[in-house]
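First comes the structure, then the notes that go with it.
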2 protein chains.
Amino acid sequence: MVVNTSTKMHVVIVGGGFAGFACARELAKSNEVRVTLIDKNNYHQFQPLLYQLATSVLGTDDIATSIRQFFCGHPNVEVKLGEVIAADPKTRTIHTRDGQSYQGDFLVLAAGSQVNFFGTVGAKENAFPLYSVEDAQRLRSRILTVFEDADRDPKLVGQGALNFVIVGGGPTGVETAGALADMIRLNMPREYPDLALQQARVYLIDHGHALLGPFPVEAHEYAARALQRKGVQLRLGIGVKEVAPDRVLLSDGTSIPTRTVVWAGGLMASPLAANAGLRQGHGGRIAVRPDLTVEGFPGVYVLGDFANIPCADDETLPQLGSVAQQCGRWTAQNIWAEIAGETRTPFHYHDKGIMAMIGRDAAVAAVGQKRHELDGPIAFAAWLGLHALLMSGVRARIETFVDWAWGYFSRARPIQVLDRTDTSRIDWDNDTNREGNLAA
Amino acid sequence: MVVNTSTKMHVVIVGGGFAGFACARELAKSNEVRVTLIDKNNYHQFQPLLYQLATSVLGTDDIATSIRQFFCGHPNVEVKLGEVIAADPKTRTIHTRDGQSYQGDFLVLAAGSQVNFFGTVGAKENAFPLYSVEDAQRLRSRILTVFEDADRDPKLVGQGALNFVIVGGGPTGVETAGALADMIRLNMPREYPDLALQQARVYLIDHGHALLGPFPVEAHEYAARALQRKGVQLRLGIGVKEVAPDRVLLSDGTSIPTRTVVWAGGLMASPLAANAGLRQGHGGRIAVRPDLTVEGFPGVYVLGDFANIPCADDETLPQLGSVAQQCGRWTAQNIWAEIAGETRTPFHYHDKGIMAMIGRDAAVAAVGQKRHELDGPIAFAAWLGLHALLMSGVRARIETFVDWAWGYFSRARPIQVLDRTDTSRIDWDNDTNREGNLAA
């Protein structure tokens with residue numbers, strides 16, 4: 001084990017997501033260690049709300065916080081911008097794409113996930129993932145663009161301009177489908193009075209038969225009913241065979257013409273996992289011991305979405321912001337314990353509950369196997385509270401809540417700014433599927 | 001003249017800037033007319049604050065408002081997204097890049113300006129203009145990138161990474177120089193403790209000998225002193241010969257190594273002016289009569305930055321947001337007058353004053369030839385009030401003011417989010433100018 005010497009112990013943390021950020025934040029409290037926190041973005045992103053950015057409810061700056069600014073009051077935390085492409089767990093050294101290396105007494109790998117297209121033909125090229133701020137900005141641009149294009153040229157509605165297909169019935173898919181359906185029902189009729197919005201469709205597709213997998217069984221039904229009330233078309237038990245530029249092909253032989261396929265279909269460990277010199281398990285994630293260290297590599301911790309974290313019954317913990325955040329804090333405690341010559345403790349996840357918001361007026365929450373269905377303003381208030389607990393940065397909290405409250409009561413989409421983040425021009429002329437709306 | 005018939009009169013407005021937006025807003029009040037407002041962006045941008053977006057004080061959504069959303073309570077205003085590339089003033093018809101045409105009983109051209117590089121070699125390729133939200137986002141990315149690059153590789157400071165050159169001593173140049181100098185002095189030392197920030201330089205270059213041209217003479221000196229107190233290097237009476245990727249060459253034979261040249265050097269009418277079938281004057285702008293109509297083309301109005309608007313003494317009015325806004329409202333009144341068979345009135349600009357903020361603690365204001373110099377919180381408060389009057393949209397006002405107040409008292413740059421809007425990667429290796437800081 002690393003022994004405490006006269007100089008400060010150095011902790012290198014890869015990733016400024018929930019796990020790495022929380023770990024750095026906890027370590028910042030003590031001057032016993034110095035911390036280097038590296039991320040490929042200069043901001044921490046609040047991923048549970050990406051769908052709100054994509055549907056014009058929140059702005060980029062509401063859910064992205066400058067990492068450097070957050071830690072600038074803590075001289076023992078050094079923030080570096082860099083994409084980590086390889087790690088040597090033996091020497092606890094990491095290497096960035098631009099040739100920098102960082103070596104620590106402790107190495108904390110919290111590099112997060114990337115989208116998993118499961119090899120689906122055309123998905124990488126044509127679908128819109130929703131895992132990062134850049135993803136959400138691109139999706140927002142695409143959504144606003146199809147409305148504008150159809151407004152200028154109404155026949156594009158027949159080509160599926162206003163069909164939105166969401167792949168994946170987990171929390172991200174359900175929340176996105178609900179928010180999009182609300183946007184179409186509540187906002188767009190006022191903004192696009194000439195558009196045939198009754199032809200707009202939101203589809204939610206999942207190869208499984210239940211929505212909201214991680215939630216208790218009763219929640220699955222509740223979510224389905226809530227979405228259907230909003231007009232969302234559910235296609236459960238059906239897989240996606242191909243995502244073409246102008247439609248999506250399903251496993252039952254049908255296809256849906258669309259220019260907007262949202263990929264909420266699964267995650268795998270980010271690319272660094274393959275170059276970290278560690279054993280990968282399910283989803284490409286790194287296998288860790290209960291205390292989040294790795295067998296055979298003293299001083300190395302792996303956290304959050306980047307790890308398969310064991311819990312009871314041979315299961316692993318789900319990829320959730322709250323798990324990641326608690327991992328991060330726990331690891332800081334264990335590092336202090338190591339430095340003090342004490343023993344590490346196995347990570348214990350304190351389940352404060354999960355919650356999904358289905359549009360503006362329905363939500364489902366679960367704490368363990370207890371389920372709560374909430375409607376109307378109460379749903380909104382509870383959801384608000386839960387996310388407040390997860391958010392970092394006072395200003396972000398205040399302002400995001402102003403946005404939320406404003407948006408909820410006014411039903412506005414204040415952030416409907418069409419920037420050029422979706423650089424792919426839609427080629428409406430080259431369309432293989434001009435007949436009808438849904439070629440079933 | 002157009003005669004009122006049983007059907008509603010149709011007003012086509014090109015441009016959703018201050019002039020076009022104000023005109024549409026005024027016309028929206030009456031159901032006598034129907035309005036089509038066309039802009040190439042789906043948002044109205046608050047241009048006087050672009051430098052605050054570029055220096056991470058405000059976010060994109062604070063200064064961009066969805067045009068469609070603003071008018072969605074007004075069924076007589078139709079909003080279209082489109083880039084107008086040609087106009088036929090005889091038939092009052094305009095054509096967009098994607099092949100749409102719009103014809104009105106009245107045509108209001110308020111297509112604004114574009115940056116004028118005056119043929120300076122390399123300026124178009126290498127300088128950062130500051131006239132649109134996209135410009136400001138790109139500049140923000142560049143500023144944050146040079147700090148991050150220098151933080152990882154300190155020798156880049158010697159290559160001019162932290163030299164910022166602002167070309168143009170008008171309000172935009174002065175405000176940008178002040179804001180950048182404040183950012184370097186007040187924010188960056190905490191955020192980049194390892195960086196040799198004492199080597200950072202902000203240069204302000206103008207071929208004339210005075211700053212803040214449109215202001216009274218005493219204000220010129222005040223602005224120069226205020227900037228010099230902040231450490232800004234003034235190079236007045238000197239022109240820019242060339243903007244290279246890694247430095248700027250000046251007319252006195254010296255050069256400054258830099259990766260960030262901000263072009264605040266002048267404006268000319270936007271490209272439509274050349275295809276509008278109207279006579280262009282100084283700056284490519286359209287010559288108008290005192291009532292903002294064009295000789296020989298009944299029903300055609302030209303407003304804001306797109307026009308040379310005559311005022312006393314054979315002069316034309318400056319390109320200012322307040323001029324444009326008042327033009328817009330005035331034109332709406334004249335259109336109503338025409339419809340009612342009354343006579344149009346010549347535009348009278350009511351000068352409520354101009355103001356420039358020099359960093360966070362100094363400002364200069366002028367109402368006519370009366371000049372006010374303000375320091376500290378009073379400067380900030382006065383500036384706040386002036387911009388409040390210009391801003392459209394209640395939410396934008398509230399939130400932007402929260403940001404401003406927060407930023408002023410906390411000295412924070414809350415919006416320090418480095419997105420990828422500056423897609424040009426800096427090629428540090430290919431550098432012709434590695435010696436020293438300022439090769440004079």
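Ordering of the structure tokens sets the chain letters (A, B, ...); residue numbers start at 1 within each chain; ligands are numbered from 1 in the order shown.
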Residues of range 74-192 of chain A that approach range 188-212 of chain B to 9 Å or less, counting only C-alpha atoms: could you list each one with the shortest pair of atoms and its distance in Å to one decimal, rows by chain and increasing residue number, as a Markdown table?
| residue | atom | partner | partner_atom | distance |
| --- | --- | --- | --- | --- |
| A:Pro75 | CA | B:Pro193 | CA | 8.1 |
| A:Glu78 | CA | B:Tyr192 | CA | 8.7 |
| A:Val79 | CA | B:Glu191 | CA | 8.7 |
Only C-alpha atoms, please: the residues just picked out, written as a tab-separated table (two decimals), in the first residue's frame.
chain	number	residue	atom	x	y	z
A	75	PRO	CA	-6.16	25.31	-3.86
A	78	GLU	CA	-6.14	21.18	-9.71
A	79	VAL	CA	-8.48	20.96	-12.73
Report task. Taking the chain letters and numbering used in this document, name the residues of range 89-324 of chain B that DSSP puts in strand (DSSP E or B), as JSON, numbers by chain. Result -> {"B": [93, 94, 95, 96, 101, 102, 103, 106, 107, 108, 109, 113, 114, 115, 121, 127, 128, 129, 163, 164, 165, 166, 167, 201, 202, 203, 204, 205, 206, 233, 234, 235, 236, 240, 241, 242, 243, 244, 247, 248, 249, 250, 255, 256, 257, 260, 261, 262, 263, 267, 268, 269, 280, 286, 287, 293, 294, 297, 298, 299, 300, 301, 302, 307, 308, 310, 316]}
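The spacing separating CA of Gln45 in chain A from CA of Val57 in chain A amounts to 15.9 Å.
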Which residues of range 246-296 of chain B sit at most 10 Å from range 314-323 of chain B, using only C-alpha atoms? Give each one's shortest atom pair and distance in Å (one decimal place), in chain and ascending residue order, as CSV.
residue,atom,partner,partner_atom,distance
B:Leu267,CA,B:Gln319,CA,8.7
B:Met268,CA,B:Gln319,CA,9.8
B:His282,CA,B:Thr316,CA,9.7
B:Ala287,CA,B:Thr316,CA,9.8
Selection above as a file: C-alpha atoms, as a PDB file, in the first residue's frame:
ATOM      1  CA  LEU B 267     -20.001  47.063 -40.177  1.00  0.00           C
ATOM      2  CA  MET B 268     -21.564  47.158 -43.590  1.00  0.00           C
ATOM      3  CA  HIS B 282     -22.062  54.501 -47.623  1.00  0.00           C
ATOM      4  CA  ALA B 287     -30.519  55.351 -48.943  1.00  0.00           C
TER       5      ALA B 287
END
Report task. Name all residues at most 6 Å from range 340-355 of chain B (count only C-alpha atoms; drop same-chain ones fewer than 6 positions away) and give them as a list in words. Result ->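 These residues fall inside the cut-off: Pro290, Asp291, Asn334, Val364, Ala365, Ala366 and Val367 of chain B.
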Serialized selection, N, CA and C atoms, as a PDB file, in the first residue's frame:
ATOM      1  N   PRO B 290     -36.526  60.703 -45.320  1.00  0.00           N
ATOM      2  CA  PRO B 290     -36.667  60.901 -43.871  1.00  0.00           C
ATOM      3  C   PRO B 290     -37.765  60.037 -43.230  1.00  0.00           C
ATOM      4  N   ASP B 291     -38.776  59.638 -44.026  1.00  0.00           N
ATOM      5  CA  ASP B 291     -39.817  58.793 -43.426  1.00  0.00           C
ATOM      6  C   ASP B 291     -39.495  57.304 -43.583  1.00  0.00           C
ATOM      7  N   ASN B 334     -46.374  54.684 -39.441  1.00  0.00           N
ATOM      8  CA  ASN B 334     -46.515  55.194 -40.804  1.00  0.00           C
ATOM      9  C   ASN B 334     -47.337  54.242 -41.669  1.00  0.00           C
ATOM     10  N   VAL B 364     -19.281  55.067 -19.167  1.00  0.00           N
ATOM     11  CA  VAL B 364     -19.427  56.431 -19.628  1.00  0.00           C
ATOM     12  C   VAL B 364     -20.738  56.514 -20.398  1.00  0.00           C
ATOM     13  N   ALA B 365     -21.487  57.556 -20.117  1.00  0.00           N
ATOM     14  CA  ALA B 365     -22.787  57.735 -20.753  1.00  0.00           C
ATOM     15  C   ALA B 365     -22.829  59.111 -21.375  1.00  0.00           C
ATOM     16  N   ALA B 366     -23.579  59.232 -22.455  1.00  0.00           N
ATOM     17  CA  ALA B 366     -23.722  60.536 -23.095  1.00  0.00           C
ATOM     18  C   ALA B 366     -25.145  60.688 -23.569  1.00  0.00           C
ATOM     19  N   VAL B 367     -25.735  61.828 -23.226  1.00  0.00           N
ATOM     20  CA  VAL B 367     -27.050  62.172 -23.767  1.00  0.00           C
ATOM     21  C   VAL B 367     -26.827  63.456 -24.554  1.00  0.00           C
TER      22      VAL B 367
END
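Of the residues under consideration (B:Gly99, B:Pro171, B:Gly277, B:Gly284), B:Gly99 shows the shortest atom-to-atom contact distance to chain A when counting only C-alpha atoms.
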Query raised in the report: Can you list every residue in range 184-256 of chain B that DSSP puts in alpha helix (DSSP H), as a list in words?
Result: Met188, Pro189, Arg190, Glu191, Val217, Glu218, Ala219, His220, Glu221, Tyr222, Ala223, Ala224, Arg225, Ala226, Leu227, Gln228 and Arg229 of chain B
Requested in this report: Excluding Gly82 in chain A and any residue of its chain fewer than 5 positions from it, enumerate the residues within 7 Å of it, using only C-alpha atoms, and give them as a list in words.
Outcome: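 The filter keeps Ile38, Asp39, Lys40 and Thr96 of chain A.
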Query - Residue nearest chain A among B:Pro48, B:Gly59, B:Gly20, B:Gly237 (counting only C-alpha atoms) - result: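 Closest residue, counting only C-alpha atoms: B:Gly59.
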Report task. Determine, counting only C-alpha atoms, which protein, DNA and RNA residues have an atom within 9 Å of an atom of Leu130 in chain B; residues of the same chain fewer than 2 positions away are not included. Present the result as a list in words. Result ->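 After dropping sequence-adjacent residues, the list is Gln47, Leu50, Tyr51, Ala54, Val115, Phe128, Ser132, Val133, Glu134, Asp135, Ala136, Leu139, Thr172, Val262, Trp263 and Ala264 of chain B.
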Residue subset to file, keeping N, CA and C atoms, as a short mmCIF file (atom, residue, chain, number, x, y, z; two decimals), in the first residue's frame:
data_model
loop_
_atom_site.label_atom_id
_atom_site.label_comp_id
_atom_site.auth_asym_id
_atom_site.auth_seq_id
_atom_site.Cartn_x
_atom_site.Cartn_y
_atom_site.Cartn_z
N GLN B 47 -27.94 42.25 -29.34
CA GLN B 47 -26.54 42.45 -29.75
C GLN B 47 -25.68 43.27 -28.79
N LEU B 50 -23.42 41.02 -26.62
CA LEU B 50 -22.66 39.90 -27.15
C LEU B 50 -21.31 39.77 -26.45
N TYR B 51 -20.69 40.90 -26.12
CA TYR B 51 -19.37 40.81 -25.48
C TYR B 51 -19.48 40.13 -24.12
N ALA B 54 -19.46 36.49 -24.86
CA ALA B 54 -18.10 36.08 -25.23
C ALA B 54 -17.18 35.97 -24.03
N VAL B 115 -20.20 42.02 -40.72
CA VAL B 115 -18.91 42.59 -40.36
C VAL B 115 -18.18 43.06 -41.61
N PHE B 128 -11.97 37.01 -35.09
CA PHE B 128 -13.26 36.66 -34.53
C PHE B 128 -14.16 37.89 -34.53
N SER B 132 -22.92 38.49 -33.90
CA SER B 132 -24.05 37.58 -33.73
C SER B 132 -23.80 36.66 -32.54
N VAL B 133 -24.85 36.00 -32.10
CA VAL B 133 -24.72 35.02 -31.03
C VAL B 133 -23.71 33.95 -31.39
N GLU B 134 -23.75 33.50 -32.65
CA GLU B 134 -22.78 32.47 -33.05
C GLU B 134 -21.35 33.00 -32.98
N ASP B 135 -21.16 34.25 -33.40
CA ASP B 135 -19.84 34.88 -33.27
C ASP B 135 -19.38 34.85 -31.81
N ALA B 136 -20.27 35.25 -30.92
CA ALA B 136 -19.90 35.36 -29.51
C ALA B 136 -19.60 33.99 -28.91
N LEU B 139 -16.16 33.00 -30.09
CA LEU B 139 -15.11 33.75 -29.39
C LEU B 139 -14.95 33.23 -27.96
N THR B 172 -18.15 48.52 -29.03
CA THR B 172 -17.95 47.07 -28.93
C THR B 172 -16.52 46.74 -28.54
N VAL B 262 -10.02 39.86 -31.96
CA VAL B 262 -11.45 40.18 -31.98
C VAL B 262 -11.66 41.33 -32.96
N TRP B 263 -12.53 41.10 -33.93
CA TRP B 263 -12.75 42.12 -34.96
C TRP B 263 -13.99 42.95 -34.61
N ALA B 264 -13.73 44.13 -34.05
CA ALA B 264 -14.83 45.04 -33.74
C ALA B 264 -14.65 46.27 -34.61
#
Query raised in the report: Could you name the residues that touch Leu272 in chain B at 8 Å or less, counting only C-alpha atoms, but leaving out those on the same chain fewer than 2 positions away, as a ChimeraX atom specification?
Result: /B:84-87,111,269-270,274-276
